Structures are given as structure tokens and as C-alpha cells.
Amino acid sequence: MTDISVIIVNYNVRHFLEQCLNSVLKASHSLITEIIVVDNASVDDSCHMVKVKFPMVRLIENNLNVGFSRANNQGIKIATGRYILLLNPDTVIEEDTLEKCFRFMESHPNAGAMGVKMIDGKGNFLPESKRGFPTPMVSFWKIIGLTSLFPRSRIFGRYYLGHLPSDQIHTIDILPGAFMFIRKKVLEKTGLLDEEFFMYGEDIDLSWRIKQAGYENYYFPETTIIHYKGESTKKGSLNYVYTFYNAMIIFARKHFSSGSFRFFSLLIHMAIWLRAGFSALQRILFRISLPVADAAVIYLGYLLIRPFWEEYKFGQRNYYPPEYMQVVVPAYILVWLVAVFYSGGYEPPVRLWRIVRGILAGSLFILVVYALLPASLRFSRALILLGTLWTLVALPLERVFMRFAGWKDNALSFPKKKRIVIAGSYKEVQRVASLLNETGLPFELAGYVAEHRDEHSETDYLGTTDQLPEIIRVHAIDEIIFCARDIPSAQVIENMLRLSETRTEFKIAPDEGVS
């Protein structure tokens, strides 16, 4: 009989999955182990990698992302092991992790499940290795930040059980879904993961049901794993916050009394709205940060240029009235910033020619308006031209500095090869790719997508057109070329509308050429 069935749910983390599988194989030498990978419609070539490099692995390929709980249940239903290990793909386990866990469970018949000590990719201990039951008050302390301020408090730090030493074995309430080593006969009593939880919360729910069934959950720090933490999700995004807290509401509805549930639900919704407001404020501040920095740089230039010109031209300082720096120069700056904005100078990737085009267009507008003004309002055409020269030099240098300082979102970008995906049948994709090569233009073909799943796919097949949003994100796609022979115009338009927020460029390749 199989000792352990390791179940790994994968979603677009091919390289982490490969590393994880290698570590599991190394840890399986002294035990009869089966490995089951359930892939949730990844578009990063994960399945092909598993088939080629790990033929001994049992692979379930889903045609769509069915969620973490349902995918794990798919694996559990075909598992033959006495123990089930639910393992995240972005983990690396030690060579003796499986054996130590197996021996511990064998010697502790009251143990329904266990977790281990987890560290992140930088070696930091992950507090979610051991957690307490998220009662309304425990959750409240976490939401308002007292858990972070007092991590070792028995009251405020109970969410992560911070008062329990991380290097000692303990019975705990909640195990992390990244590593759940479960006795299979316990699952036969508690039932499988609740599929109402799409992602997050299912580990809390199952851990609690294991305790309700009369078993203990153990934290076992005598073996350690690396958990890179959420490589298949964006944990800083608002979508993550909503999904996570919505899972908590589902859990509260199942396990709390009606009064506690209403209080908990109120707290959760407050947390979501506060986080949404904070995220919106962050986005606004980020969007205006570069124009504000540009305005400051240009104004600083005028603080240096004006006295220089006054000395050179008139032999004295403060020739121009205070209104020049208080009103006129800010007006110039506003024109330049607006012109750079409409020229695309603030859209990523930041291109030098867009900035220069915007500055020159702004200067032309300023000079035209200047020529139409009465003589009493015309201060100096020379200062406009000197300001233009300063702006042409200072703004690109500012962005170069940002690049070296690590502020890549606002930094000057340099031309690179476009990463292209071609949508169509494999035969048509080959024809279009050949035509692209003949143009001599620099590009990198990431792969191709088809309107329907390609059961006889080549290695460069990425997925279906329905999966294009994920394909764009995972493969950093710059341009999509639709083959008119295979993709109807209505479908092309539908996809372009659906993907309009991705900043991806679109082309349509006619039957006999590439436009």
C-alpha cells in the first residue's frame, strides 16, 4: 500500500513546480510515495514540463481553473496513500521531510493532521506556519493591526499564536494549506475540502473540522520547508484582499453563531472598503508622482536660469517681477506637462521620443500664444527657449536616475524585442511566423494560441484565446497577431475589447500576408 500521496495544485508556476517536484522526489526515497499534480488550466507550459521531466507523476489537466479546493479534491479522490500531503507548488521540502512527518503521525494516533515550520525565500519564518482559530475578536485584532504590533501577545497575537515558540512542537487550531499532512481515514470522517472556498479559507475550514472530529492538529518544527508565498497570486492586490476576506465570511457563516457572524461580517466588509480606499489612494499618488517630480525639476531649472539670464542680458538680478516665477513659469510648466501627457510620455513603457515630442509641442504652443500677447505681458522669448532646453535635458536625465535608483515603473525604457503571440491554427501560425522572420524586424515569438484547446499541441502551444489575459500576464506579451483565416472578425474584436486594459498591441494577419 502507498504510504503517502502528495497532491500539488498548479496554476502558472511552471518553474516553481519543477523545483517542488524535484524536492519531493528526493524526499521519497525511503517511502512508497505517489505524486499527483492537478493543473488548473495553466498557460505556462507546466503540463508539458511534467510529462517530459516527471513521467512518473500522475497528471490531471483541467480545462479551466476550478479553484484550489476542487482541484485538491480531484487528487484526493484518486489517491491511494495512507496519508495525504496537500502541498503548494511554490514550496521546497527537505530530503527527510516526508519521513519525519510519516514517523510522527505513526507515533501519534491522536494526530489528524500536521504542518511544519515554513520560511520564505529570504529565510524568514512565516508566522502562518501555526495559527489560532479566527474568532471574531481574534480576527478584529488582526484587521486593525494589533496582531502586527504585538505579535507575541496571548491576546492580540493569537491569530498566529505568537506566544508559542516557533521551535517547539505544539497542538494548534489551524494548519496552512501550503503544507497539510493528513491521515486519510480522518478525511473519510470529516469529508473533503469544501468547494465553496475557491481560494483561501479552505485550510481553516478543514483544520477546524478535523478538531471537531476529535483529532489534534500539530505544528512540527523539526523539519522546515521553503514557501515562496503566493507566487500563483498577487497578494498585494485588491482582488486578493477581496477573495481572502470573502472566504473568511463563508467560514464564519458555517461555524459562527448568527450574532457572531453578523459582527464578523461587518468587520470584514469594513476591512475590504478600507483596503479599497487605500489602494485607490495609492494608485492616484503613483499616477501623479512623476508629473509632480517633473514640475519640481523644471521649476528648479528656472530658479537657476532666470538669474543667469538677468545678469547676462540686463546686468542685474530681479529684473523680472515676482509674478514671473509665481504665475508665468507655473503656466509654462503646466503646458509642458499636459503636452508630455498627451504625447504618451507618462504611459509605460516610458520612451524618450514621446517625452521629447511632448516638450517640443508644448514649447511651440507657448511660443504661439506668446506671440499673440500684448507687449506688456511678454517677458522673454529667450527664457522660453532656455526653459525648453533645460526641460529637454532634465526630464530624460531624471528618468535615467530613476532607472539606476530602482524606480523602474517611472524609469526611461529602452527599445526591446516585442514578445508576440499568434492566434490561429498551428499551420497558419507557422506561415505567419515565417512572414514575420522575412521582415527582419526584431521580435520574439512566445508561442501560439488557438480558438479551441489543441489536443495535439506542439511545445509552443500556450492555450486558448479564452486564456489570453493570463497568457499576457505570465509571458509578458507585447503584441497579439490574429490569423484572419482561423479567427473570425467578431472574435478578434471581442478579444480586443476584452483585452483593452492590458496595453497589448493587436494586429490581424490576412490570408496572404501580415499587416
# chains A, B, ... in the order shown; residues from 1 in each chain; ligands from 1

call {"tool": "select_by_dssp", "arguments": {"residues": "region 268-499 of chain A", "states": "strand (DSSP E or B)", "output": "count of residues only"}}
result
25

call {"tool": "residues_around", "arguments": {"residues": "Pro510 (chain A)", "least_positions_apart": "3", "cutoff": "12 Å", "atoms": "only C-alpha atoms", "output": "list in words"}}
result
Gly424, Glu428, Val429, Arg431, Val432, Leu435, Ile481, Phe482, Cys483, Ala484, Arg485, Asp486, Ile487, Pro488, Ser489, Lys507, Gly513, Val514 and Ser515 of chain A

call {"tool": "write_last_selection", "arguments": {"atoms": "C-alpha atoms", "output": "PDB file, in the first residue's frame"}}
result
ATOM      1  CA  GLY A 424      -4.663  30.646 -35.047  1.00  0.00           C
ATOM      2  CA  GLU A 428      -1.302  29.145 -40.103  1.00  0.00           C
ATOM      3  CA  VAL A 429       0.853  30.260 -37.171  1.00  0.00           C
ATOM      4  CA  ARG A 431       3.117  30.627 -42.072  1.00  0.00           C
ATOM      5  CA  VAL A 432       2.672  33.967 -40.282  1.00  0.00           C
ATOM      6  CA  LEU A 435       6.489  36.023 -42.895  1.00  0.00           C
ATOM      7  CA  ILE A 481      -1.420  38.747 -34.080  1.00  0.00           C
ATOM      8  CA  PHE A 482      -4.779  37.195 -35.012  1.00  0.00           C
ATOM      9  CA  CYS A 483      -4.831  34.955 -38.093  1.00  0.00           C
ATOM     10  CA  ALA A 484      -7.846  36.054 -40.140  1.00  0.00           C
ATOM     11  CA  ARG A 485      -8.040  32.630 -41.793  1.00  0.00           C
ATOM     12  CA  ASP A 486      -8.827  30.961 -38.428  1.00  0.00           C
ATOM     13  CA  ILE A 487     -10.211  33.650 -36.115  1.00  0.00           C
ATOM     14  CA  PRO A 488     -13.494  35.332 -37.205  1.00  0.00           C
ATOM     15  CA  SER A 489     -13.548  39.130 -37.182  1.00  0.00           C
ATOM     16  CA  LYS A 507      -2.502  43.018 -35.425  1.00  0.00           C
ATOM     17  CA  GLY A 513       0.279  38.333 -45.551  1.00  0.00           C
ATOM     18  CA  VAL A 514       0.870  40.217 -42.347  1.00  0.00           C
ATOM     19  CA  SER A 515      -0.400  43.757 -41.939  1.00  0.00           C
TER      20      SER A 515
END

call {"tool": "closest_residue", "arguments": {"among": "A:Val369, A:Met105, A:Ile480, A:Leu352", "to": "Val335 (chain A)", "atoms": "only C-alpha atoms"}}
result
A:Val369

call {"tool": "residues_around", "arguments": {"residues": "Lys77 (chain A)", "least_positions_apart": "3", "cutoff": "12 Å", "atoms": "only C-alpha atoms", "output": "PyMOL selection string"}}
result
chain A and resi 5+7+36+38+60+70-74+80-81+84+184+187-188+191-193

call {"tool": "residues_around", "arguments": {"residues": "Val328 (chain A)", "least_positions_apart": "6", "cutoff": "12 Å", "atoms": "only C-alpha atoms", "output": "list in words"}}
result
Tyr299, Tyr302, Tyr320, Pro321, Pro322, Leu334, Val335, Ile366, Tyr370, Leu377, Arg378, Phe379, Ser380, Leu383 and Ile384 of chain A

call {"tool": "residues_around", "arguments": {"residues": "Ile119 (chain A)", "least_positions_apart": "6", "cutoff": "10 Å", "atoms": "only C-alpha atoms", "output": "VMD selection string"}}
result
chain A and resid 91 125 to 129 224 to 229

call {"tool": "closest_residue", "arguments": {"among": "A:Ile305, A:Asn124, A:Gly112, A:Lys189", "to": "Thr171 (chain A)", "atoms": "only C-alpha atoms"}}
result
A:Gly112

call {"tool": "closest_atom_pairs", "arguments": {"of": "region 46-139 of chain A", "to": "region 206-221 of chain A", "cutoff": "9 Å", "atoms": "only C-alpha atoms", "output": "tab-separated table"}}
result
residue	atom	partner	partner_atom	distance
A:Cys101	CA	A:Phe220	CA	8.1
A:Phe104	CA	A:Phe220	CA	8.7
A:Pro109	CA	A:Tyr215	CA	8.7
A:Asn110	CA	A:Tyr215	CA	5.5
A:Ala111	CA	A:Glu216	CA	4.8
A:Gly112	CA	A:Tyr215	CA	4.9
A:Ala113	CA	A:Asn217	CA	5.0
A:Met114	CA	A:Tyr218	CA	4.5
A:Gly115	CA	A:Tyr219	CA	5.1
A:Val116	CA	A:Phe220	CA	4.7
A:Lys117	CA	A:Pro221	CA	4.6
A:Met118	CA	A:Pro221	CA	8.4
A:Ser129	CA	A:Tyr219	CA	7.5
A:Lys130	CA	A:Tyr219	CA	6.3
A:Phe133	CA	A:Trp208	CA	7.8

call {"tool": "write_last_selection", "arguments": {"atoms": "N, CA and C atoms", "output": "PDB file, in the first residue's frame"}}
result
ATOM      1  N   CYS A 101       7.631  13.382   8.938  1.00  0.00           N
ATOM      2  CA  CYS A 101       6.194  13.559   9.137  1.00  0.00           C
ATOM      3  C   CYS A 101       5.485  12.207   9.249  1.00  0.00           C
ATOM      4  N   PHE A 104       6.174  10.741  12.670  1.00  0.00           N
ATOM      5  CA  PHE A 104       5.460  11.465  13.718  1.00  0.00           C
ATOM      6  C   PHE A 104       3.989  11.059  13.749  1.00  0.00           C
ATOM      7  N   PRO A 109      -1.240   8.609  17.294  1.00  0.00           N
ATOM      8  CA  PRO A 109      -2.529   8.212  16.719  1.00  0.00           C
ATOM      9  C   PRO A 109      -3.634   9.248  16.900  1.00  0.00           C
ATOM     10  N   ASN A 110      -3.453  10.179  17.835  1.00  0.00           N
ATOM     11  CA  ASN A 110      -4.459  11.228  18.018  1.00  0.00           C
ATOM     12  C   ASN A 110      -4.306  12.370  17.019  1.00  0.00           C
ATOM     13  N   ALA A 111      -3.244  12.333  16.240  1.00  0.00           N
ATOM     14  CA  ALA A 111      -2.984  13.396  15.264  1.00  0.00           C
ATOM     15  C   ALA A 111      -3.823  13.180  14.013  1.00  0.00           C
ATOM     16  N   GLY A 112      -4.668  14.146  13.712  1.00  0.00           N
ATOM     17  CA  GLY A 112      -5.429  14.066  12.466  1.00  0.00           C
ATOM     18  C   GLY A 112      -4.652  14.646  11.301  1.00  0.00           C
ATOM     19  N   ALA A 113      -3.891  15.682  11.591  1.00  0.00           N
ATOM     20  CA  ALA A 113      -3.099  16.325  10.546  1.00  0.00           C
ATOM     21  C   ALA A 113      -1.965  17.105  11.198  1.00  0.00           C
ATOM     22  N   MET A 114      -1.007  17.505  10.387  1.00  0.00           N
ATOM     23  CA  MET A 114       0.139  18.242  10.905  1.00  0.00           C
ATOM     24  C   MET A 114       0.675  19.201   9.852  1.00  0.00           C
ATOM     25  N   GLY A 115       1.337  20.235  10.352  1.00  0.00           N
ATOM     26  CA  GLY A 115       2.049  21.158   9.489  1.00  0.00           C
ATOM     27  C   GLY A 115       3.477  21.275   9.972  1.00  0.00           C
ATOM     28  N   VAL A 116       4.302  21.979   9.215  1.00  0.00           N
ATOM     29  CA  VAL A 116       5.716  22.090   9.554  1.00  0.00           C
ATOM     30  C   VAL A 116       6.124  23.559   9.617  1.00  0.00           C
ATOM     31  N   LYS A 117       7.353  23.784   9.990  1.00  0.00           N
ATOM     32  CA  LYS A 117       7.896  25.137  10.015  1.00  0.00           C
ATOM     33  C   LYS A 117       8.144  25.602   8.587  1.00  0.00           C
ATOM     34  N   MET A 118       7.680  26.796   8.262  1.00  0.00           N
ATOM     35  CA  MET A 118       7.852  27.334   6.919  1.00  0.00           C
ATOM     36  C   MET A 118       8.662  28.627   6.963  1.00  0.00           C
ATOM     37  N   SER A 129       2.704  29.474   9.725  1.00  0.00           N
ATOM     38  CA  SER A 129       3.021  28.066   9.995  1.00  0.00           C
ATOM     39  C   SER A 129       2.146  27.518  11.114  1.00  0.00           C
ATOM     40  N   LYS A 130       1.724  28.380  12.027  1.00  0.00           N
ATOM     41  CA  LYS A 130       0.832  27.976  13.125  1.00  0.00           C
ATOM     42  C   LYS A 130      -0.148  29.109  13.375  1.00  0.00           C
ATOM     43  N   PHE A 133      -7.624  29.734  15.988  1.00  0.00           N
ATOM     44  CA  PHE A 133      -8.955  29.813  15.394  1.00  0.00           C
ATOM     45  C   PHE A 133      -9.366  31.279  15.254  1.00  0.00           C
TER      46      PHE A 133
END
